[in-house]
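For reference, the structure discussed in these notes is given below.
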Amino acid sequence: MKVQVNHDVCEGHGKCQAAAPEVFELRDDDLSHVLVENVPEALKEKVERAIRLCPRQAISWAQDA
Ligand code: SF4
């Protein structure tokens, strides 16, 4: 599954990176960037946690087939 960050609402709090550093990286643009194309099963729980913790609800699973 793919995960996406909506940069229109992301405010760079970095909670996602704290929850799942393997998946999210806060960069110099103060936006969270997704590091992995497809989230492996082992990291899904961490991503779910990041989704819950994001104060802007900027993170979501991508709707792909
Ligand atoms: S927690 Fe949400 S608002 Fe904060 S950097 Fe991550 S995606 Fe952006």
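Just remember, in the structure tokens the first chain shown is A, the second B, etc., residues are 1-based per chain, and ligands are 1-based in the order shown.
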Practice prompt. Using only C-alpha atoms, determine which residues lie at most 6 Å from region 10-27 of chain A, disregarding the query and same-chain residues fewer than 5 positions distant; provide the list as a list in words.
Written response: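 The contact residues come out as Ser32, His33, Val34, Leu35, Val36, Lys46, Ala50 and Ala58 of chain A.
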Any chance you could export the current selection's C-alpha atoms as a PDB file, in the first residue's frame?
ATOM      1  CA  SER A  32       6.987  15.619   5.448  1.00  0.00           C
ATOM      2  CA  HIS A  33       8.143  13.463   2.541  1.00  0.00           C
ATOM      3  CA  VAL A  34       7.351   9.817   2.010  1.00  0.00           C
ATOM      4  CA  LEU A  35      10.500   7.711   1.732  1.00  0.00           C
ATOM      5  CA  VAL A  36       9.065   4.410   0.651  1.00  0.00           C
ATOM      6  CA  LYS A  46       3.658   2.609  12.444  1.00  0.00           C
ATOM      7  CA  ALA A  50       1.447   8.462  12.232  1.00  0.00           C
ATOM      8  CA  ALA A  58      -2.397  15.285   6.248  1.00  0.00           C
TER       9      ALA A  58
END
Discussion item. Just to confirm, what's the straight-line distance from CA of Pro55 (chain A) to CA of Gln4 (chain A) in Å (one decimal)?
Written reply: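 Computing the Euclidean distance for CA of Pro55 (chain A) and CA of Gln4 (chain A) yields 15.2 Å.
Of the residues in chain A, those given strand (DSSP E or B) by DSSP on the backbone are Val3, Gln4, Val5, Phe24, Glu25, Leu26, Ser32, His33, Val34, Ile59, Ser60 and Trp61 of chain A.
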Keeping C-alpha atoms, export the residues of the selection given above as an mmCIF file, in the first residue's frame.
data_model
loop_
_atom_site.group_PDB
_atom_site.id
_atom_site.type_symbol
_atom_site.label_atom_id
_atom_site.label_comp_id
_atom_site.auth_asym_id
_atom_site.auth_seq_id
_atom_site.Cartn_x
_atom_site.Cartn_y
_atom_site.Cartn_z
ATOM 1 C CA VAL A 3 0.860 6.371 1.714
ATOM 2 C CA GLN A 4 0.668 10.037 0.831
ATOM 3 C CA VAL A 5 1.157 13.371 2.575
ATOM 4 C CA PHE A 24 8.426 9.889 6.738
ATOM 5 C CA GLU A 25 11.169 12.452 6.539
ATOM 6 C CA LEU A 26 10.863 16.092 7.467
ATOM 7 C CA SER A 32 6.987 15.619 5.448
ATOM 8 C CA HIS A 33 8.143 13.463 2.541
ATOM 9 C CA VAL A 34 7.351 9.817 2.010
ATOM 10 C CA ILE A 59 -1.522 11.614 5.914
ATOM 11 C CA SER A 60 -3.680 9.076 4.140
ATOM 12 C CA TRP A 61 -3.418 5.798 2.347
#
Discussion item. Counting only C-alpha atoms and all ligand atoms, which residue out of A:Arg52, A:Leu31, A:Lys2, A:Val47 sits closest to ligand 1?
Written reply: A:Leu31
